[in-house]
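Undergrad: This one is structure_2.cif, mmCIF, all heavy atoms.
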```cif
data_protein
loop_
_atom_site.label_atom_id
_atom_site.label_comp_id
_atom_site.auth_asym_id
_atom_site.auth_seq_id
_atom_site.Cartn_x
_atom_site.Cartn_y
_atom_site.Cartn_z
N MET A 1 -44.22 -16.27 33.73
CA MET A 1 -43.77 -15.54 34.90
C MET A 1 -42.25 -15.61 35.04
O MET A 1 -41.60 -14.60 35.31
CB MET A 1 -44.46 -16.15 36.13
CG MET A 1 -44.17 -15.41 37.39
SD MET A 1 -45.05 -13.84 37.39
CE MET A 1 -44.70 -13.27 39.00
N ALA A 2 -41.70 -16.80 34.86
CA ALA A 2 -40.26 -16.97 34.98
C ALA A 2 -39.53 -16.23 33.85
O ALA A 2 -38.44 -15.70 34.04
CB ALA A 2 -39.88 -18.44 34.97
N GLU A 3 -40.16 -16.20 32.68
CA GLU A 3 -39.55 -15.50 31.55
C GLU A 3 -39.51 -13.99 31.81
O GLU A 3 -38.54 -13.32 31.45
CB GLU A 3 -40.31 -15.79 30.27
CG GLU A 3 -40.07 -17.18 29.72
CD GLU A 3 -40.77 -17.39 28.39
OE1 GLU A 3 -41.02 -16.40 27.67
OE2 GLU A 3 -41.07 -18.55 28.07
N GLN A 4 -40.54 -13.45 32.45
CA GLN A 4 -40.55 -12.03 32.78
C GLN A 4 -39.46 -11.70 33.79
O GLN A 4 -38.78 -10.68 33.68
CB GLN A 4 -41.91 -11.62 33.33
CG GLN A 4 -43.00 -11.55 32.30
CD GLN A 4 -44.33 -11.17 32.93
OE1 GLN A 4 -44.53 -11.32 34.13
NE2 GLN A 4 -45.25 -10.68 32.10
N ALA A 5 -39.30 -12.56 34.77
CA ALA A 5 -38.27 -12.35 35.78
C ALA A 5 -36.88 -12.42 35.15
O ALA A 5 -35.99 -11.62 35.45
CB ALA A 5 -38.39 -13.37 36.90
N ALA A 6 -36.70 -13.39 34.27
CA ALA A 6 -35.41 -13.53 33.59
C ALA A 6 -35.14 -12.33 32.70
O ALA A 6 -34.01 -11.84 32.62
CB ALA A 6 -35.39 -14.81 32.78
N SER A 7 -36.16 -11.85 32.02
CA SER A 7 -36.00 -10.68 31.15
C SER A 7 -35.66 -9.44 31.97
O SER A 7 -34.80 -8.65 31.58
CB SER A 7 -37.29 -10.46 30.35
OG SER A 7 -37.18 -9.29 29.58
N LEU A 8 -36.34 -9.27 33.10
CA LEU A 8 -36.07 -8.13 33.97
C LEU A 8 -34.64 -8.19 34.52
O LEU A 8 -33.93 -7.18 34.53
CB LEU A 8 -37.07 -8.09 35.12
CG LEU A 8 -36.89 -6.96 36.13
CD1 LEU A 8 -37.10 -5.62 35.45
CD2 LEU A 8 -37.85 -7.14 37.29
N LEU A 9 -34.23 -9.37 34.97
CA LEU A 9 -32.89 -9.53 35.49
C LEU A 9 -31.84 -9.28 34.41
O LEU A 9 -30.81 -8.66 34.66
CB LEU A 9 -32.72 -10.95 36.07
CG LEU A 9 -31.43 -11.23 36.80
CD1 LEU A 9 -31.29 -10.32 38.01
CD2 LEU A 9 -31.38 -12.68 37.23
N ASP A 10 -32.12 -9.73 33.20
CA ASP A 10 -31.20 -9.51 32.08
C ASP A 10 -31.09 -8.03 31.76
O ASP A 10 -29.99 -7.51 31.51
CB ASP A 10 -31.69 -10.29 30.86
CG ASP A 10 -30.69 -10.28 29.73
OD1 ASP A 10 -29.47 -10.42 30.01
OD2 ASP A 10 -31.11 -10.14 28.56
N THR A 11 -32.21 -7.32 31.78
CA THR A 11 -32.20 -5.89 31.51
C THR A 11 -31.43 -5.13 32.58
O THR A 11 -30.62 -4.26 32.27
CB THR A 11 -33.65 -5.35 31.44
OG1 THR A 11 -34.36 -6.08 30.45
CG2 THR A 11 -33.66 -3.88 31.10
N GLU A 12 -31.65 -5.48 33.85
CA GLU A 12 -30.94 -4.82 34.94
C GLU A 12 -29.44 -5.09 34.87
O GLU A 12 -28.62 -4.20 35.13
CB GLU A 12 -31.49 -5.27 36.29
CG GLU A 12 -32.87 -4.73 36.58
CD GLU A 12 -33.41 -5.22 37.91
OE1 GLU A 12 -32.69 -5.95 38.62
OE2 GLU A 12 -34.55 -4.87 38.24
N THR A 13 -29.08 -6.31 34.51
CA THR A 13 -27.66 -6.65 34.36
C THR A 13 -27.02 -5.85 33.24
O THR A 13 -25.90 -5.35 33.38
CB THR A 13 -27.51 -8.16 34.08
OG1 THR A 13 -28.14 -8.89 35.12
CG2 THR A 13 -26.05 -8.56 34.00
N ASP A 14 -27.72 -5.71 32.12
CA ASP A 14 -27.19 -4.92 31.01
C ASP A 14 -26.99 -3.46 31.41
O ASP A 14 -25.99 -2.83 31.03
CB ASP A 14 -28.11 -5.00 29.80
CG ASP A 14 -28.06 -6.36 29.11
OD1 ASP A 14 -27.07 -7.10 29.33
OD2 ASP A 14 -29.01 -6.69 28.37
N ILE A 15 -27.91 -2.92 32.18
CA ILE A 15 -27.80 -1.53 32.61
C ILE A 15 -26.60 -1.35 33.53
O ILE A 15 -25.81 -0.41 33.39
CB ILE A 15 -29.10 -1.07 33.31
CG1 ILE A 15 -30.24 -0.96 32.28
CG2 ILE A 15 -28.90 0.27 34.01
CD1 ILE A 15 -31.61 -0.73 32.89
N LEU A 16 -26.44 -2.27 34.49
CA LEU A 16 -25.30 -2.18 35.41
C LEU A 16 -23.97 -2.35 34.69
O LEU A 16 -23.00 -1.64 34.98
CB LEU A 16 -25.44 -3.23 36.52
CG LEU A 16 -26.51 -2.96 37.56
CD1 LEU A 16 -26.62 -4.12 38.52
CD2 LEU A 16 -26.22 -1.68 38.30
N LEU A 17 -23.92 -3.27 33.74
CA LEU A 17 -22.68 -3.45 32.99
C LEU A 17 -22.39 -2.27 32.07
O LEU A 17 -21.24 -2.01 31.74
CB LEU A 17 -22.74 -4.75 32.18
CG LEU A 17 -22.62 -6.04 33.00
CD1 LEU A 17 -22.78 -7.25 32.09
CD2 LEU A 17 -21.32 -6.09 33.75
N GLY A 18 -23.42 -1.56 31.67
CA GLY A 18 -23.23 -0.35 30.86
C GLY A 18 -22.63 0.79 31.68
O GLY A 18 -21.92 1.64 31.15
N LYS A 19 -22.91 0.80 32.99
CA LYS A 19 -22.37 1.85 33.86
C LYS A 19 -20.96 1.55 34.34
O LYS A 19 -20.27 2.44 34.82
CB LYS A 19 -23.28 2.02 35.08
CG LYS A 19 -24.64 2.58 34.75
CD LYS A 19 -25.49 2.69 36.00
CE LYS A 19 -26.87 3.23 35.69
NZ LYS A 19 -27.71 3.33 36.89
N LEU A 20 -20.52 0.32 34.22
CA LEU A 20 -19.23 -0.09 34.77
C LEU A 20 -18.02 0.54 34.07
O LEU A 20 -17.13 1.04 34.75
CB LEU A 20 -19.13 -1.61 34.76
CG LEU A 20 -17.94 -2.22 35.46
CD1 LEU A 20 -17.96 -1.86 36.93
CD2 LEU A 20 -17.92 -3.72 35.28
N PRO A 21 -17.92 0.55 32.74
CA PRO A 21 -16.71 1.12 32.11
C PRO A 21 -16.42 2.58 32.45
O PRO A 21 -15.27 2.91 32.74
CB PRO A 21 -16.97 0.93 30.61
CG PRO A 21 -17.88 -0.23 30.54
CD PRO A 21 -18.76 -0.13 31.75
N PRO A 22 -17.41 3.48 32.47
CA PRO A 22 -17.09 4.85 32.87
C PRO A 22 -16.60 4.94 34.31
O PRO A 22 -15.72 5.76 34.63
CB PRO A 22 -18.41 5.61 32.71
CG PRO A 22 -19.20 4.81 31.75
CD PRO A 22 -18.80 3.39 31.98
N LEU A 23 -17.12 4.11 35.18
CA LEU A 23 -16.68 4.10 36.57
C LEU A 23 -15.23 3.65 36.68
O LEU A 23 -14.43 4.26 37.39
CB LEU A 23 -17.58 3.19 37.41
CG LEU A 23 -17.24 3.07 38.88
CD1 LEU A 23 -17.41 4.42 39.56
CD2 LEU A 23 -18.12 2.03 39.54
N VAL A 24 -14.89 2.59 35.96
CA VAL A 24 -13.51 2.10 35.96
C VAL A 24 -12.58 3.15 35.36
O VAL A 24 -11.47 3.35 35.86
CB VAL A 24 -13.42 0.75 35.20
CG1 VAL A 24 -11.97 0.34 35.00
CG2 VAL A 24 -14.19 -0.32 35.93
N GLU A 25 -13.01 3.81 34.32
CA GLU A 25 -12.19 4.85 33.69
C GLU A 25 -11.94 6.01 34.65
O GLU A 25 -10.81 6.50 34.77
CB GLU A 25 -12.91 5.37 32.44
CG GLU A 25 -12.15 6.44 31.69
CD GLU A 25 -12.90 6.92 30.46
OE1 GLU A 25 -13.87 6.26 30.05
OE2 GLU A 25 -12.51 7.97 29.92
N THR A 26 -12.95 6.41 35.38
CA THR A 26 -12.80 7.49 36.35
C THR A 26 -11.84 7.10 37.46
O THR A 26 -10.95 7.88 37.84
CB THR A 26 -14.17 7.86 36.94
OG1 THR A 26 -15.05 8.23 35.88
CG2 THR A 26 -14.03 9.01 37.92
N LEU A 27 -12.00 5.90 37.99
CA LEU A 27 -11.11 5.44 39.06
C LEU A 27 -9.67 5.32 38.58
O LEU A 27 -8.73 5.67 39.31
CB LEU A 27 -11.60 4.10 39.60
CG LEU A 27 -12.90 4.15 40.39
CD1 LEU A 27 -13.35 2.74 40.77
CD2 LEU A 27 -12.76 5.00 41.63
N THR A 28 -9.48 4.86 37.35
CA THR A 28 -8.13 4.75 36.79
C THR A 28 -7.50 6.13 36.64
O THR A 28 -6.32 6.32 36.96
CB THR A 28 -8.18 4.04 35.43
OG1 THR A 28 -8.79 2.76 35.60
CG2 THR A 28 -6.78 3.86 34.86
N THR A 29 -8.28 7.09 36.18
CA THR A 29 -7.78 8.46 36.04
C THR A 29 -7.35 9.04 37.38
O THR A 29 -6.30 9.67 37.50
CB THR A 29 -8.84 9.36 35.39
OG1 THR A 29 -9.23 8.80 34.14
CG2 THR A 29 -8.33 10.77 35.19
N ILE A 30 -8.16 8.80 38.40
CA ILE A 30 -7.83 9.30 39.74
C ILE A 30 -6.56 8.64 40.25
O ILE A 30 -5.67 9.31 40.81
CB ILE A 30 -9.01 9.08 40.69
CG1 ILE A 30 -10.15 10.00 40.31
CG2 ILE A 30 -8.60 9.30 42.15
CD1 ILE A 30 -11.45 9.73 41.05
N LEU A 31 -6.43 7.33 40.07
CA LEU A 31 -5.23 6.62 40.54
C LEU A 31 -3.97 7.09 39.82
O LEU A 31 -2.92 7.26 40.44
CB LEU A 31 -5.41 5.12 40.37
CG LEU A 31 -6.39 4.46 41.33
CD1 LEU A 31 -6.57 2.98 40.99
CD2 LEU A 31 -5.92 4.62 42.76
N VAL A 32 -4.07 7.33 38.52
CA VAL A 32 -2.91 7.84 37.77
C VAL A 32 -2.56 9.24 38.26
O VAL A 32 -1.37 9.57 38.42
CB VAL A 32 -3.20 7.83 36.25
CG1 VAL A 32 -2.14 8.60 35.49
CG2 VAL A 32 -3.27 6.40 35.75
N GLY A 33 -3.55 10.07 38.52
CA GLY A 33 -3.30 11.41 39.03
C GLY A 33 -2.61 11.39 40.39
O GLY A 33 -1.67 12.16 40.64
N VAL A 34 -3.03 10.49 41.26
CA VAL A 34 -2.38 10.36 42.56
C VAL A 34 -0.94 9.90 42.40
O VAL A 34 -0.03 10.39 43.07
CB VAL A 34 -3.18 9.40 43.48
CG1 VAL A 34 -2.40 9.03 44.72
CG2 VAL A 34 -4.51 10.03 43.86
N GLY A 35 -0.71 8.97 41.48
CA GLY A 35 0.65 8.50 41.21
C GLY A 35 1.55 9.62 40.70
O GLY A 35 2.69 9.76 41.13
N VAL A 36 1.02 10.42 39.79
CA VAL A 36 1.80 11.55 39.26
C VAL A 36 2.08 12.56 40.37
O VAL A 36 3.19 13.10 40.46
CB VAL A 36 1.04 12.22 38.08
CG1 VAL A 36 1.67 13.53 37.69
CG2 VAL A 36 1.00 11.27 36.89
N LEU A 37 1.11 12.82 41.22
CA LEU A 37 1.31 13.74 42.35
C LEU A 37 2.42 13.25 43.27
O LEU A 37 3.27 14.04 43.69
CB LEU A 37 0.01 13.90 43.13
CG LEU A 37 0.07 14.77 44.37
CD1 LEU A 37 0.36 16.22 43.97
CD2 LEU A 37 -1.22 14.67 45.15
N ILE A 38 2.43 11.96 43.55
CA ILE A 38 3.48 11.40 44.42
C ILE A 38 4.85 11.56 43.78
O ILE A 38 5.82 11.94 44.45
CB ILE A 38 3.16 9.93 44.75
CG1 ILE A 38 1.96 9.87 45.67
CG2 ILE A 38 4.36 9.24 45.38
CD1 ILE A 38 1.42 8.47 45.90
N VAL A 39 4.94 11.29 42.49
CA VAL A 39 6.23 11.42 41.80
C VAL A 39 6.69 12.88 41.81
O VAL A 39 7.86 13.17 42.08
CB VAL A 39 6.13 10.88 40.35
CG1 VAL A 39 7.36 11.26 39.55
CG2 VAL A 39 5.95 9.38 40.37
N LEU A 40 5.78 13.80 41.52
CA LEU A 40 6.16 15.22 41.50
C LEU A 40 6.57 15.71 42.88
O LEU A 40 7.55 16.47 43.01
CB LEU A 40 5.01 16.06 40.96
CG LEU A 40 4.75 15.94 39.46
CD1 LEU A 40 3.53 16.75 39.06
CD2 LEU A 40 5.95 16.35 38.66
N LEU A 41 5.85 15.29 43.91
CA LEU A 41 6.23 15.69 45.26
C LEU A 41 7.59 15.11 45.64
O LEU A 41 8.39 15.79 46.29
CB LEU A 41 5.17 15.24 46.27
CG LEU A 41 3.89 16.05 46.28
CD1 LEU A 41 2.88 15.44 47.25
CD2 LEU A 41 4.14 17.50 46.64
N SER A 42 7.86 13.88 45.23
CA SER A 42 9.15 13.28 45.57
C SER A 42 10.30 13.97 44.83
O SER A 42 11.45 13.92 45.26
CB SER A 42 9.15 11.78 45.25
OG SER A 42 9.10 11.57 43.86
N LEU A 43 9.99 14.61 43.72
CA LEU A 43 11.02 15.35 42.99
C LEU A 43 11.22 16.77 43.54
O LEU A 43 12.35 17.23 43.69
CB LEU A 43 10.67 15.45 41.50
CG LEU A 43 10.79 14.17 40.69
CD1 LEU A 43 10.21 14.40 39.30
CD2 LEU A 43 12.23 13.74 40.60
N PHE A 44 10.12 17.46 43.82
CA PHE A 44 10.21 18.88 44.17
C PHE A 44 10.44 19.17 45.65
O PHE A 44 11.04 20.18 45.99
CB PHE A 44 8.98 19.63 43.68
CG PHE A 44 8.98 19.84 42.19
CD1 PHE A 44 8.07 19.17 41.38
CD2 PHE A 44 9.89 20.69 41.60
CE1 PHE A 44 8.08 19.36 40.01
CE2 PHE A 44 9.91 20.89 40.24
CZ PHE A 44 9.00 20.22 39.44
N LEU A 45 9.95 18.33 46.53
CA LEU A 45 10.12 18.61 47.95
C LEU A 45 11.59 18.63 48.38
O LEU A 45 11.98 19.53 49.14
CB LEU A 45 9.31 17.63 48.80
CG LEU A 45 7.81 17.90 48.83
CD1 LEU A 45 7.10 16.84 49.66
CD2 LEU A 45 7.50 19.27 49.35
N PRO A 46 12.43 17.71 47.93
CA PRO A 46 13.85 17.83 48.29
C PRO A 46 14.51 19.09 47.73
O PRO A 46 15.36 19.70 48.39
CB PRO A 46 14.49 16.58 47.69
CG PRO A 46 13.38 15.61 47.57
CD PRO A 46 12.17 16.44 47.26
N MET A 47 14.11 19.50 46.54
CA MET A 47 14.68 20.72 45.97
C MET A 47 14.26 21.94 46.78
O MET A 47 15.07 22.84 47.04
CB MET A 47 14.24 20.90 44.51
CG MET A 47 14.91 19.91 43.57
SD MET A 47 14.69 20.30 41.82
CE MET A 47 12.95 20.09 41.61
N ILE A 48 13.01 21.98 47.20
CA ILE A 48 12.54 23.12 48.00
C ILE A 48 13.23 23.13 49.35
O ILE A 48 13.63 24.19 49.84
CB ILE A 48 11.00 23.04 48.16
CG1 ILE A 48 10.33 23.28 46.80
CG2 ILE A 48 10.50 24.05 49.18
CD1 ILE A 48 8.84 23.01 46.79
N ALA A 49 13.40 21.97 49.95
CA ALA A 49 14.08 21.90 51.25
C ALA A 49 15.52 22.34 51.13
O ALA A 49 16.04 23.06 52.00
CB ALA A 49 14.01 20.47 51.79
N THR A 50 16.19 21.96 50.05
CA THR A 50 17.57 22.38 49.84
C THR A 50 17.66 23.90 49.63
O THR A 50 18.53 24.55 50.17
CB THR A 50 18.16 21.67 48.61
OG1 THR A 50 18.05 20.25 48.81
CG2 THR A 50 19.61 22.04 48.40
N TYR A 51 16.71 24.43 48.87
CA TYR A 51 16.69 25.87 48.63
C TYR A 51 16.48 26.63 49.94
O TYR A 51 17.11 27.66 50.18
CB TYR A 51 15.60 26.22 47.62
CG TYR A 51 15.47 27.68 47.35
CD1 TYR A 51 16.43 28.36 46.59
CD2 TYR A 51 14.42 28.42 47.89
CE1 TYR A 51 16.32 29.73 46.36
CE2 TYR A 51 14.31 29.77 47.66
CZ TYR A 51 15.26 30.43 46.89
OH TYR A 51 15.15 31.77 46.67
N GLN A 52 15.59 26.14 50.78
CA GLN A 52 15.33 26.80 52.06
C GLN A 52 16.54 26.70 52.98
O GLN A 52 16.80 27.61 53.76
CB GLN A 52 14.10 26.20 52.73
CG GLN A 52 12.82 26.59 52.03
CD GLN A 52 11.58 25.92 52.66
OE1 GLN A 52 11.73 25.00 53.46
NE2 GLN A 52 10.42 26.38 52.27
N THR A 53 17.28 25.61 52.89
CA THR A 53 18.48 25.46 53.72
C THR A 53 19.56 26.44 53.30
O THR A 53 20.26 27.02 54.12
CB THR A 53 19.00 24.02 53.62
OG1 THR A 53 17.97 23.13 54.02
CG2 THR A 53 20.21 23.82 54.50
N ILE A 54 19.70 26.63 51.97
CA ILE A 54 20.73 27.53 51.45
C ILE A 54 20.38 28.98 51.79
O ILE A 54 21.26 29.77 52.13
CB ILE A 54 20.86 27.35 49.92
CG1 ILE A 54 21.43 25.98 49.63
CG2 ILE A 54 21.72 28.43 49.32
CD1 ILE A 54 21.42 25.61 48.14
N SER A 55 19.11 29.34 51.72
CA SER A 55 18.71 30.75 51.93
C SER A 55 18.86 31.20 53.33
O SER A 55 18.74 30.66 54.32
CB SER A 55 17.25 30.94 51.50
OG SER A 55 17.16 30.72 50.12
#
```
Could you express the structure from this file as structure tokens?
TA:
Amino acid sequence: MAEQAASLLDTETDILLGKLPPLVETLTTILVGVGVLIVLLSLFLPMIATYQTIS
């Protein structure tokens, strides 16, 4: 009985650990995208504001 429980727990743990890397990869991609968006906005918003002031 204990061996069946241990086997089931081991199988469930393997399944959960198999799902973890794609989740981490997705979250990392989203975080990098947000970082790039912040950098681009910090570059372009002052230029747009300056252009609107000149016009």
Undergrad: In Å to one decimal, how far is atom O of Val36 of chain A from atom CD1 of Ile48 of chain A?
TA: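 Straight-line distance from atom CD1 of Ile48 of chain A to atom O of Val36 of chain A works out to 13.0 Å.
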Undergrad: Using atom CA of Ala6 of chain A and atom CA of Glu25 of chain A as the two end points, give the distance in Å to one decimal.
TA: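 Between these atoms lies a distance of 29.6 Å.
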Undergrad: State, in Å with one decimal place, the distance from atom CD2 of Leu37 of chain A to atom C of Gly18 of chain A.
TA: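 Taking atom CD2 of Leu37 of chain A and atom C of Gly18 of chain A, their separation equals 28.9 Å.
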